[in-house]
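Source file: target_5.csv; contents: CSV, C-alpha atoms and all ligand atoms.
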```csv
chain,number,residue,atom,x,y,z
H,1,MET,CA,71.5,213.3,45.3
H,2,LYS,CA,73.5,214.7,48.2
H,3,ASN,CA,74.0,218.5,48.6
H,4,PHE,CA,77.6,219.2,49.5
H,5,ALA,CA,78.5,222.6,51.0
H,6,ARG,CA,81.3,223.8,48.8
H,7,ILE,CA,83.5,226.8,49.3
H,8,ILE,CA,83.2,229.0,46.1
H,9,GLY,CA,84.6,232.3,47.4
H,10,THR,CA,86.8,233.7,50.0
H,11,GLY,CA,87.8,237.1,51.2
H,12,SER,CA,89.7,238.8,54.0
H,13,TYR,CA,90.6,242.1,55.5
H,14,LEU,CA,93.2,243.4,57.9
H,15,PRO,CA,93.2,246.8,59.6
H,16,PRO,CA,96.2,248.9,58.2
H,17,LYS,CA,97.9,249.6,61.6
H,18,ILE,CA,100.9,247.2,62.1
H,19,VAL,CA,102.2,246.6,65.7
H,20,THR,CA,105.6,244.8,65.7
H,21,ASN,CA,107.2,243.0,68.6
H,22,PHE,CA,109.7,245.9,68.7
H,23,ASP,CA,106.8,248.2,69.3
H,24,LEU,CA,105.6,246.1,72.2
H,25,GLU,CA,109.2,246.1,73.7
H,26,LYS,CA,108.6,249.8,74.3
H,27,THR,CA,105.6,249.3,76.6
H,28,LEU,CA,106.0,245.8,78.0
H,29,ASP,CA,108.8,243.9,79.7
H,30,THR,CA,109.3,241.6,76.7
H,31,THR,CA,111.6,241.1,73.7
H,32,ASP,CA,111.1,240.3,70.1
H,33,GLU,CA,113.4,237.2,70.7
H,34,TRP,CA,111.0,235.9,73.5
H,35,ILE,CA,107.8,236.4,71.5
H,36,THR,CA,109.2,235.0,68.3
H,37,SER,CA,110.7,231.9,69.9
H,38,ARG,CA,107.7,231.1,72.1
H,39,THR,CA,104.9,231.9,69.6
H,40,GLY,CA,106.2,232.5,66.0
H,41,ILE,CA,104.5,235.9,66.0
H,42,LYS,CA,106.5,238.9,64.6
H,43,GLU,CA,103.8,241.5,64.1
H,44,ARG,CA,100.0,241.9,64.3
H,45,ARG,CA,97.3,244.2,63.0
H,46,ILE,CA,95.4,246.3,65.5
H,47,VAL,CA,92.3,248.5,64.8
H,48,ASN,CA,92.3,252.3,65.4
H,49,ASN,CA,88.6,253.0,65.6
H,50,GLU,CA,87.3,250.2,63.3
H,51,SER,CA,84.5,247.9,64.6
H,52,THR,CA,84.2,244.2,64.2
H,53,CYS,CA,81.5,244.9,61.5
H,54,ASP,CA,83.8,247.4,59.7
H,55,LEU,CA,86.4,244.6,59.3
H,56,ALA,CA,83.8,242.1,58.2
H,57,VAL,CA,82.3,244.2,55.3
H,58,PRO,CA,85.4,244.3,53.0
H,59,ALA,CA,86.1,240.6,53.7
H,60,CYS,CA,82.6,239.6,52.7
H,61,LEU,CA,82.6,241.8,49.6
H,62,ASN,CA,85.8,240.1,48.5
H,63,ALA,CA,84.3,236.7,49.1
H,64,LEU,CA,81.1,237.6,47.2
H,65,SER,CA,83.1,238.9,44.3
H,66,MET,CA,85.2,235.7,44.0
H,67,ALA,CA,81.9,233.7,44.2
H,68,GLU,CA,80.3,236.0,41.6
H,69,LEU,CA,77.3,236.5,43.8
H,70,LYS,CA,75.4,239.5,45.0
H,71,PRO,CA,74.4,240.1,48.7
H,72,GLN,CA,70.8,239.4,47.6
H,73,ASP,CA,71.8,235.8,46.6
H,74,ILE,CA,72.8,234.9,50.1
H,75,ASP,CA,70.4,232.8,52.2
H,76,PHE,CA,72.1,233.1,55.6
H,77,ILE,CA,74.9,235.2,57.1
H,78,ILE,CA,76.6,233.4,60.0
H,79,LEU,CA,79.2,235.5,61.8
H,80,SER,CA,81.6,234.0,64.4
H,81,THR,CA,83.0,236.5,66.8
H,82,THR,CA,84.2,236.9,70.4
H,83,THR,CA,84.1,240.6,70.1
H,84,PRO,CA,80.7,241.6,68.9
H,85,ASP,CA,80.2,245.4,68.5
H,86,LYS,CA,77.2,245.3,70.9
H,87,ILE,CA,75.6,242.8,73.3
H,88,PHE,CA,72.7,243.0,70.9
H,89,PRO,CA,71.8,243.2,68.1
H,90,ALA,CA,74.0,240.5,66.6
H,91,THR,CA,76.9,241.9,64.7
H,92,ALA,CA,75.7,239.7,61.8
H,93,THR,CA,72.6,241.8,61.5
H,94,MET,CA,74.6,245.0,61.2
H,95,LEU,CA,76.7,243.3,58.6
H,96,GLN,CA,73.6,242.2,56.7
H,97,ASN,CA,72.5,245.9,56.6
H,98,ARG,CA,75.9,247.2,55.5
H,99,LEU,CA,76.1,244.6,52.7
H,100,GLY,CA,72.5,245.3,51.5
H,101,ALA,CA,71.5,241.6,52.1
H,102,SER,CA,68.0,240.6,53.4
H,103,CYS,CA,68.6,237.1,54.7
H,104,PRO,CA,68.5,235.8,58.3
H,105,ALA,CA,71.8,236.7,60.1
H,106,PHE,CA,73.1,235.6,63.4
H,107,ASP,CA,76.3,235.4,65.5
H,108,ILE,CA,78.1,232.3,66.8
H,109,GLN,CA,80.4,232.5,69.8
H,110,ALA,CA,83.0,229.7,70.2
H,111,VAL,CA,86.0,231.9,70.6
H,112,CYS,CA,89.0,230.7,68.5
H,113,ALA,CA,86.9,227.6,67.3
H,114,GLY,CA,84.1,230.0,66.1
H,115,PHE,CA,84.8,229.7,62.4
H,116,VAL,CA,84.7,225.8,62.4
H,117,PHE,CA,81.5,226.0,64.5
H,118,ALA,CA,80.0,228.4,61.9
H,119,LEU,CA,81.1,226.3,58.9
H,120,ASN,CA,79.6,223.2,60.5
H,121,THR,CA,76.3,225.1,61.1
H,122,ALA,CA,76.2,226.4,57.6
H,123,GLN,CA,76.9,222.9,56.3
H,124,GLN,CA,73.7,221.6,57.9
H,125,TYR,CA,71.5,224.2,56.2
H,126,ILE,CA,73.0,223.4,52.8
H,127,GLU,CA,72.9,219.6,53.2
H,128,ASN,CA,69.3,219.6,54.4
H,129,GLY,CA,68.3,221.7,51.4
H,130,SER,CA,67.2,224.8,53.3
H,131,ALA,CA,69.9,227.1,51.9
H,132,THR,CA,71.8,227.4,48.6
H,133,ASN,CA,74.4,230.1,49.4
H,134,ILE,CA,75.7,231.0,52.9
H,135,LEU,CA,78.2,233.7,53.9
H,136,VAL,CA,80.3,232.4,56.8
H,137,VAL,CA,82.4,235.0,58.5
H,138,GLY,CA,85.0,235.3,61.2
H,139,SER,CA,85.7,238.8,62.4
H,140,GLU,CA,87.4,240.0,65.6
H,141,THR,CA,88.7,243.1,67.3
H,142,MET,CA,90.5,241.1,70.1
H,143,SER,CA,92.6,244.2,70.9
H,144,LYS,CA,89.5,245.6,72.7
H,145,ILE,CA,89.6,242.8,75.3
H,146,VAL,CA,93.3,242.5,75.8
H,147,ASP,CA,95.0,243.9,78.9
H,148,TRP,CA,97.8,245.8,77.3
H,149,ASN,CA,99.8,245.7,80.5
H,150,ASP,CA,99.8,241.9,80.6
H,151,ARG,CA,102.8,240.7,78.7
H,152,SER,CA,101.6,237.1,78.7
H,153,THR,CA,98.5,237.8,76.6
H,154,ALA,CA,99.0,241.2,74.9
H,155,ILE,CA,101.7,239.7,72.7
H,156,LEU,CA,99.3,237.1,71.3
H,157,PHE,CA,96.0,238.6,70.1
H,158,ALA,CA,95.1,240.7,67.1
H,159,ASP,CA,92.4,242.0,64.8
H,160,GLY,CA,91.2,241.0,61.3
H,161,ALA,CA,88.4,239.3,59.3
H,162,GLY,CA,87.9,236.5,56.9
H,163,ALA,CA,84.8,235.2,55.0
H,164,VAL,CA,83.8,232.3,52.8
H,165,VAL,CA,80.8,231.7,50.6
H,166,LEU,CA,79.5,228.2,50.9
H,167,SER,CA,77.3,227.0,48.1
H,168,ALA,CA,75.3,223.8,47.4
H,169,ASP,CA,77.1,221.5,45.0
H,170,ASN,CA,76.2,218.0,43.8
H,171,ASN,CA,79.7,216.7,43.6
H,172,THR,CA,82.0,217.8,46.3
H,173,GLY,CA,82.6,220.1,49.2
H,174,ILE,CA,82.6,219.5,53.0
H,175,LYS,CA,83.1,215.8,53.5
H,176,TYR,CA,83.2,215.7,57.3
H,177,SER,CA,83.0,218.0,60.3
H,178,LYS,CA,83.1,217.4,64.0
H,179,LEU,CA,82.6,219.7,67.0
H,180,TYR,CA,83.4,219.3,70.7
H,181,SER,CA,83.0,221.4,73.9
H,182,ASP,CA,84.2,220.8,77.5
H,183,GLY,CA,83.2,223.5,79.9
H,184,ASN,CA,85.5,222.2,82.6
H,185,TYR,CA,88.2,224.6,81.6
H,186,LEU,CA,86.7,228.0,82.5
H,187,SER,CA,89.6,229.1,84.7
H,188,SER,CA,92.2,228.3,82.0
H,189,LEU,CA,91.1,230.9,79.5
H,190,GLN,CA,88.4,233.4,80.0
H,191,VAL,CA,87.5,237.1,80.1
H,192,ASN,CA,87.6,238.3,83.7
H,193,ASN,CA,84.3,240.2,83.8
H,194,ASN,CA,81.6,239.1,86.2
H,195,ARG,CA,78.8,241.3,85.0
H,196,ILE,CA,77.3,241.6,81.5
H,197,ASN,CA,78.0,245.4,81.4
H,198,GLU,CA,81.7,245.1,82.2
H,199,LEU,CA,83.9,244.5,79.2
H,200,GLY,CA,86.7,242.7,81.1
H,201,THR,CA,90.0,241.5,79.6
H,202,ILE,CA,91.5,238.1,78.7
H,203,GLU,CA,93.2,236.0,81.4
H,204,MET,CA,94.9,232.7,80.6
H,205,GLU,CA,97.0,229.9,82.0
H,206,GLY,CA,99.2,229.8,78.9
H,207,ASN,CA,101.0,226.5,79.7
H,208,GLU,CA,97.8,224.7,80.5
H,209,VAL,CA,96.1,226.0,77.3
H,210,PHE,CA,99.1,225.0,75.2
H,211,LYS,CA,99.1,221.4,76.4
H,212,ILE,CA,95.3,221.0,76.0
H,213,ALA,CA,95.4,222.6,72.6
H,214,VAL,CA,98.1,220.2,71.3
H,215,ASN,CA,96.3,217.1,72.7
H,216,LYS,CA,92.8,217.9,71.6
H,217,LEU,CA,93.7,219.1,68.1
H,218,SER,CA,96.0,216.1,67.5
H,219,ASP,CA,93.4,213.6,68.7
H,220,LEU,CA,90.8,215.4,66.5
H,221,ALA,CA,93.0,215.4,63.4
H,222,GLU,CA,93.6,211.7,63.8
H,223,GLU,CA,89.9,211.1,64.3
H,224,THR,CA,88.9,213.2,61.3
H,225,LEU,CA,91.4,211.4,59.0
H,226,LYS,CA,90.2,208.0,60.3
H,227,GLU,CA,86.5,208.9,59.8
H,228,CYS,CA,87.3,209.9,56.2
H,229,ASN,CA,89.4,206.8,55.5
H,230,MET,CA,92.4,209.0,54.9
H,231,THR,CA,95.9,209.5,56.1
H,232,SER,CA,97.8,212.8,56.2
H,233,GLU,CA,99.1,211.9,52.8
H,234,ASN,CA,95.7,212.7,51.4
H,235,ILE,CA,95.7,216.2,52.8
H,236,ASP,CA,96.9,218.9,50.5
H,237,TRP,CA,96.7,221.7,53.0
H,238,MET,CA,96.0,222.0,56.7
H,239,ILE,CA,94.6,225.4,57.6
H,240,PRO,CA,94.7,225.5,61.4
H,241,HIS,CA,93.7,228.2,63.8
H,242,GLN,CA,96.7,230.4,64.1
H,243,ALA,CA,97.5,230.7,67.8
H,244,ASN,CA,101.1,229.6,68.1
H,245,ILE,CA,103.6,228.1,65.7
H,246,ARG,CA,104.6,225.5,68.3
H,247,ILE,CA,101.0,224.3,68.7
H,248,ILE,CA,100.6,224.0,64.9
H,249,SER,CA,103.9,222.2,64.4
H,250,ALA,CA,103.2,219.8,67.3
H,251,VAL,CA,99.9,218.8,65.7
H,252,ALA,CA,101.4,218.5,62.2
H,253,LYS,CA,104.2,216.3,63.6
H,254,ARG,CA,101.6,214.0,65.4
H,255,ILE,CA,99.7,213.3,62.2
H,256,LYS,CA,102.9,213.1,60.1
H,257,LEU,CA,102.0,216.1,58.0
H,258,PRO,CA,105.0,218.1,56.6
H,259,MET,CA,105.0,221.8,57.6
H,260,GLU,CA,105.2,222.6,53.8
H,261,LYS,CA,101.5,221.5,53.7
H,262,VAL,CA,100.4,223.9,56.4
H,263,ILE,CA,99.2,227.5,55.7
H,264,LEU,CA,100.8,229.7,58.2
H,265,THR,CA,99.9,233.4,58.9
H,266,VAL,CA,100.7,233.6,62.6
H,267,GLU,CA,104.0,235.4,62.0
H,268,LYS,CA,102.3,238.4,60.5
H,269,HIS,CA,98.7,238.1,61.9
H,270,GLY,CA,99.1,236.9,65.5
H,271,ASN,CA,96.0,235.2,67.0
H,272,THR,CA,92.9,236.7,65.4
H,273,SER,CA,90.6,234.2,67.1
H,274,ALA,CA,87.6,233.3,64.9
H,275,ALA,CA,89.1,235.2,61.9
H,276,SER,CA,92.4,233.3,61.7
H,277,ILE,CA,91.3,230.3,59.6
H,278,PRO,CA,89.3,232.2,56.9
H,279,LEU,CA,92.2,234.8,56.7
H,280,ALA,CA,94.7,232.0,56.2
H,281,LEU,CA,92.5,230.2,53.7
H,282,ASP,CA,92.0,233.4,51.6
H,283,ILE,CA,95.7,234.1,51.6
H,284,GLY,CA,96.5,230.5,50.5
H,285,ILE,CA,93.9,230.7,47.7
H,286,ARG,CA,94.9,234.2,46.4
H,287,ASP,CA,98.6,233.4,46.4
H,288,GLY,CA,98.0,230.3,44.3
H,289,ARG,CA,99.0,227.6,46.7
H,290,ILE,CA,95.5,226.2,47.2
H,291,ASN,CA,93.8,225.0,44.0
H,292,LYS,CA,90.4,223.6,43.0
H,293,GLY,CA,90.2,219.9,43.9
H,294,ASP,CA,92.6,220.2,46.9
H,295,THR,CA,91.7,218.4,50.1
H,296,LEU,CA,91.7,220.9,53.0
H,297,LEU,CA,91.8,220.2,56.8
H,298,PHE,CA,90.6,223.0,59.1
H,299,GLU,CA,91.0,222.8,62.8
H,300,GLY,CA,90.6,225.2,65.7
H,301,ILE,CA,90.3,225.3,69.5
H,302,GLY,CA,89.3,228.1,71.8
H,303,GLY,CA,88.2,229.1,75.3
H,304,GLY,CA,85.6,226.9,76.9
H,305,PHE,CA,87.2,224.8,75.6
H,306,SER,CA,85.4,224.3,72.3
H,307,TRP,CA,87.2,222.7,69.4
H,308,GLY,CA,86.4,221.3,65.9
H,309,SER,CA,87.5,220.2,62.5
H,310,VAL,CA,86.2,220.4,59.0
H,311,LEU,CA,87.6,218.3,56.1
H,312,ALA,CA,86.6,219.6,52.6
H,313,GLU,CA,87.5,219.3,49.0
H,314,PHE,CA,88.0,222.8,47.5
H,401,LIG,N1,108.0,238.3,77.4
H,401,LIG,C1,108.9,237.8,78.3
H,401,LIG,N2,108.6,236.9,79.3
H,401,LIG,C2,107.4,236.5,79.4
H,401,LIG,C3,106.3,236.9,78.5
H,401,LIG,C4,106.7,237.9,77.5
H,401,LIG,N3,105.8,238.4,76.7
H,401,LIG,N4,105.2,236.3,78.9
H,401,LIG,C5,105.5,235.5,79.9
H,401,LIG,N5,106.8,235.6,80.2
H,401,LIG,C6,107.6,234.9,81.2
H,401,LIG,C7,106.7,234.4,82.4
H,401,LIG,O1,106.4,235.4,83.3
H,401,LIG,C8,107.6,233.3,82.9
H,401,LIG,O2,108.5,233.9,83.8
H,401,LIG,P1,109.0,233.1,85.1
H,401,LIG,O3,109.6,231.8,84.7
H,401,LIG,O4,110.0,234.1,85.7
H,401,LIG,O5,107.7,232.9,85.9
H,401,LIG,C9,108.3,232.7,81.7
H,401,LIG,O6,108.2,233.8,80.7
H,401,LIG,C10,107.7,231.5,81.1
H,401,LIG,O7,106.3,231.6,81.1
H,401,LIG,P2,105.4,230.5,80.5
H,401,LIG,O8,104.0,230.9,80.6
H,401,LIG,O9,105.7,229.2,81.1
H,401,LIG,O10,105.9,230.4,79.0
H,401,LIG,P3,105.5,229.5,77.8
H,401,LIG,O11,106.7,228.9,77.3
H,401,LIG,O12,104.4,228.6,78.2
H,401,LIG,O13,104.9,230.5,76.7
H,401,LIG,C11,102.8,231.2,75.9
H,401,LIG,C12,103.8,231.3,77.0
H,401,LIG,C13,103.4,231.8,74.6
H,401,LIG,C14,101.6,232.0,76.3
H,401,LIG,C15,102.4,229.7,75.7
H,401,LIG,O14,102.1,229.0,76.9
H,401,LIG,C16,101.3,229.6,74.7
H,401,LIG,O15,101.3,229.9,73.6
H,401,LIG,N6,100.2,229.0,75.2
H,401,LIG,C17,99.0,228.8,74.4
H,401,LIG,C18,98.1,230.0,74.6
H,401,LIG,C19,97.3,230.4,73.4
H,401,LIG,O16,97.7,230.2,72.2
H,401,LIG,N7,96.2,231.0,73.7
H,401,LIG,C20,95.4,231.5,72.7
H,401,LIG,C21,94.0,231.3,73.0
H,401,LIG,S1,93.5,229.6,72.9
H,401,LIG,C22,94.0,229.2,71.4
H,401,LIG,O17,93.9,230.0,70.5
H,401,LIG,C23,94.5,227.9,71.2
```

Full structure transcribed into structure tokens:
Amino acid sequence: MKNFARIIGTGSYLPPKIVTNFDLEKTLDTTDEWITSRTGIKERRIVNNESTCDLAVPACLNALSMAELKPQDIDFIILSTTTPDKIFPATATMLQNRLGASCPAFDIQAVCAGFVFALNTAQQYIENGSATNILVVGSETMSKIVDWNDRSTAILFADGAGAVVLSADNNTGIKYSKLYSDGNYLSSLQVNNNRINELGTIEMEGNEVFKIAVNKLSDLAEETLKECNMTSENIDWMIPHQANIRIISAVAKRIKLPMEKVILTVEKHGNTSAASIPLALDIGIRDGRINKGDTLLFEGIGGGFSWGSVLAEF
């Protein structure tokens, strides 16, 4: 009998400090109107002193509580982050310690696609029978690698964390997942440090990233539906990486999915990179929109580029 990897718990956490577009108008040559019309973002959460691990802890505790599991029940912790607290050890091991878990724990780095890369990785362990319960986390403090004087990137990125518990299930769960990377695009989106001990800040050719994101994510959504013998009518909810409302709506339009079936958090969260998908998922579940048995399509793309999709029954 096949082991499916099924989502049985979700959790999220946002730092309390809200930075609105009007706050950014005070320090940058920008306007609320420009940011809202180009991106759909109105406000974002930014850490004061919290670390990436600090954000991940409450997100994981909430996910464990929904799953009715204890940290000791977890077989792996897989944390996707672009902003680890240290070069080493992995932030996942600090998280393991803070949670009181004792399982193997490691980080995955695929920028804004990190969460789908982590879900796909966890799926393999569960399907091959080497794990029963896995904590999959996306946690980011993107504000630490933003150049706050660069209006083209400072308006986009933000901080937050989301987590899911994946558990072995005989009946249903993740039906399909697919990952891609193409390292040709280094100059389109990267952190501009040349040495490992320089932090660096994000630099991006926004227009180029926009076009590639729409094309790759639309192609991948079509491929995912085809591989699952589905059309967009079979999708109850698309939970995309939340980078820009215009990217999300262009993809939804290409696959003929009404926007009423898309979970959107970009307006209030901005782009929280690897955290954006589990944050949106948790919000959609806790406000009652996503229900057991729903078919969910996750998609994300990030620097590299790396991109991926997961189709799952909840
Ligand atoms: N406020 C006001 N004006 C601005 C701002 C700002 N914050 N930022 C840029 N501008 C100006 C530019 O300087 C330019 O001025 P110019 O015409 O005098 O040269 C003008 O606005 C247009 O700039 P564009 O870059 O062409 O604007 P565009 O419509 O492409 O929007 C944006 C920029 C929002 C960054 C868009 O390209 C985008 O969202 N790209 C995707 C980037 C993204 O989501 N990256 C996240 C990481 S990857 C991922 O998650 C998918």

Just checking: using only C-alpha atoms, which residue out of H:Leu279, H:Leu311, H:Val262, H:Ile78 ends up closest to Leu225 in chain H?
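Once distances to Leu225 in chain H are computed over only C-alpha atoms, the minimum belongs to H:Leu311.
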
Of the residues H:Thr81, H:Ser130, H:Thr272, H:Thr30, which is the one nearest to ligand LIG 401 (chain H), using all atoms listed in the file?
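Smallest distance to ligand LIG 401 (chain H) is found for H:Thr30.
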
Which polymer residues have any atom within 7 Å of an atom of Glu203 in chain H, counting all atoms listed in the file, with same-chain residues fewer than 6 positions away left out, as a ChimeraX atom specification?
/H:189-192

Within 8 Å of ligand LIG 401 (chain H), which residues show up when you count all atoms listed in the file? List them as a compact mmCIF listing (two decimals) with C-alpha atoms, keeping the file's coordinate frame, please.
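Generated output (part_19.txt):
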```txt
# COMPACT_ATOMS: atom_id res chain seq x y z
CA LEU H 28 106.00 245.80 78.00
CA ASP H 29 108.80 243.90 79.70
CA THR H 30 109.30 241.60 76.70
CA THR H 31 111.60 241.10 73.70
CA TRP H 34 111.00 235.90 73.50
CA ILE H 35 107.80 236.40 71.50
CA ARG H 38 107.70 231.10 72.10
CA THR H 39 104.90 231.90 69.60
CA CYS H 112 89.00 230.70 68.50
CA ASP H 150 99.80 241.90 80.60
CA ARG H 151 102.80 240.70 78.70
CA SER H 152 101.60 237.10 78.70
CA THR H 153 98.50 237.80 76.60
CA ALA H 154 99.00 241.20 74.90
CA ILE H 155 101.70 239.70 72.70
CA LEU H 156 99.30 237.10 71.30
CA PHE H 157 96.00 238.60 70.10
CA LEU H 189 91.10 230.90 79.50
CA MET H 204 94.90 232.70 80.60
CA GLU H 205 97.00 229.90 82.00
CA GLY H 206 99.20 229.80 78.90
CA ASN H 207 101.00 226.50 79.70
CA GLU H 208 97.80 224.70 80.50
CA VAL H 209 96.10 226.00 77.30
CA PHE H 210 99.10 225.00 75.20
CA LYS H 211 99.10 221.40 76.40
CA ALA H 213 95.40 222.60 72.60
CA HIS H 241 93.70 228.20 63.80
CA GLN H 242 96.70 230.40 64.10
CA ALA H 243 97.50 230.70 67.80
CA ASN H 244 101.10 229.60 68.10
CA ARG H 246 104.60 225.50 68.30
CA ILE H 247 101.00 224.30 68.70
CA ASN H 271 96.00 235.20 67.00
CA SER H 273 90.60 234.20 67.10
CA GLY H 300 90.60 225.20 65.70
CA ILE H 301 90.30 225.30 69.50
CA GLY H 302 89.30 228.10 71.80
CA GLY H 303 88.20 229.10 75.30
```

Would you work out the distance separating CA of Phe117 in chain H from CA of Thr52 in chain H, expressed in Å to one decimal?
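Straight-line distance from CA of Phe117 in chain H to CA of Thr52 in chain H works out to 18.4 Å.
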
Figure out the distance between CA of Ile285 in chain H and CA of Asp75 in chain H, please, to one decimal in Å.
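Going from CA of Asp75 in chain H over to CA of Ile285 in chain H covers 24.0 Å.
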
Neighbours of Gln96 in chain H within 10 Å (all atoms listed in the file; same-chain residues fewer than 6 positions away dropped), as a ChimeraX atom specification?
/H:53,57,71-72,74,76-78,102-106

Contact residues around Leu79 in chain H with all atoms listed in the file at 9 Å, ignoring same-chain residues under 5 positions, as a list in words
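Residues meeting the cut-off are Ala56, Ala90, Thr91, Ala92, Leu95, Ala105, Phe106, Asp107, Ile108, Gln109, Gly114, Phe115, Ala118, Leu135, Val136, Val137, Gly138, Ser139 and Ala163 of chain H.
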
Would you kindly return, as a PyMOL selection string, each protein, DNA or RNA residue with an atom no farther than 12 Å from any atom of Gly11 in chain H, considering all atoms listed in the file and excluding same-chain residues fewer than 6 positions away?
chain H and resi 55-67+135-139+160-165+275+277-286

For Val310 in chain H: contacts at 7 Å, only C-alpha atoms, fewer than 6 positions along chain excluded, given as number ranges by chain
H: 116, 176-178, 297-299

Which of H:Val146, H:Ile126, H:Val47, H:Leu199 sits closest to Lys86 in chain H [using all atoms listed in the file]
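Checking each candidate against Lys86 in chain H, we get H:Leu199 as the closest.
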
Between CA of Ala131 in chain H and CA of Pro240 in chain H, measure the distance and give it in Å to one decimal.
26.6 Å

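For the residues H:Asp147, H:Glu68, H:Asp159, H:Glu127, ranking by smallest atom-to-atom distance to Asn49 in chain H using only C-alpha atoms places H:Asp159 first.
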
Find the residue from H:Tyr13, H:Phe4, H:Phe88, H:Trp237 that sits nearest to Arg289 in chain H; use only C-alpha atoms when measuring.
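Result for the nearest residue to Arg289 in chain H: H:Trp237.
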
Give the answer as one residue: which of H:Ala110, H:Ile7, H:Ile46, H:Ala221 has the shortest atom-to-atom distance to Lys144 in chain H, using all atoms listed in the file?
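Between H:Ala110, H:Ile7, H:Ile46, H:Ala221, the residue approaching Lys144 in chain H most closely is H:Ile46.
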
How big is the axis-aligned box, and where does its centre sit, when it encloses all atoms of range 65-70 of chain H listed in the file and has 4 Å added on every side, reported in Å to one decimal as JSON?
```
{"center_x": 80.3, "center_y": 236.6, "center_z": 43.3, "size_x": 17.8, "size_y": 13.8, "size_z": 11.4}
```
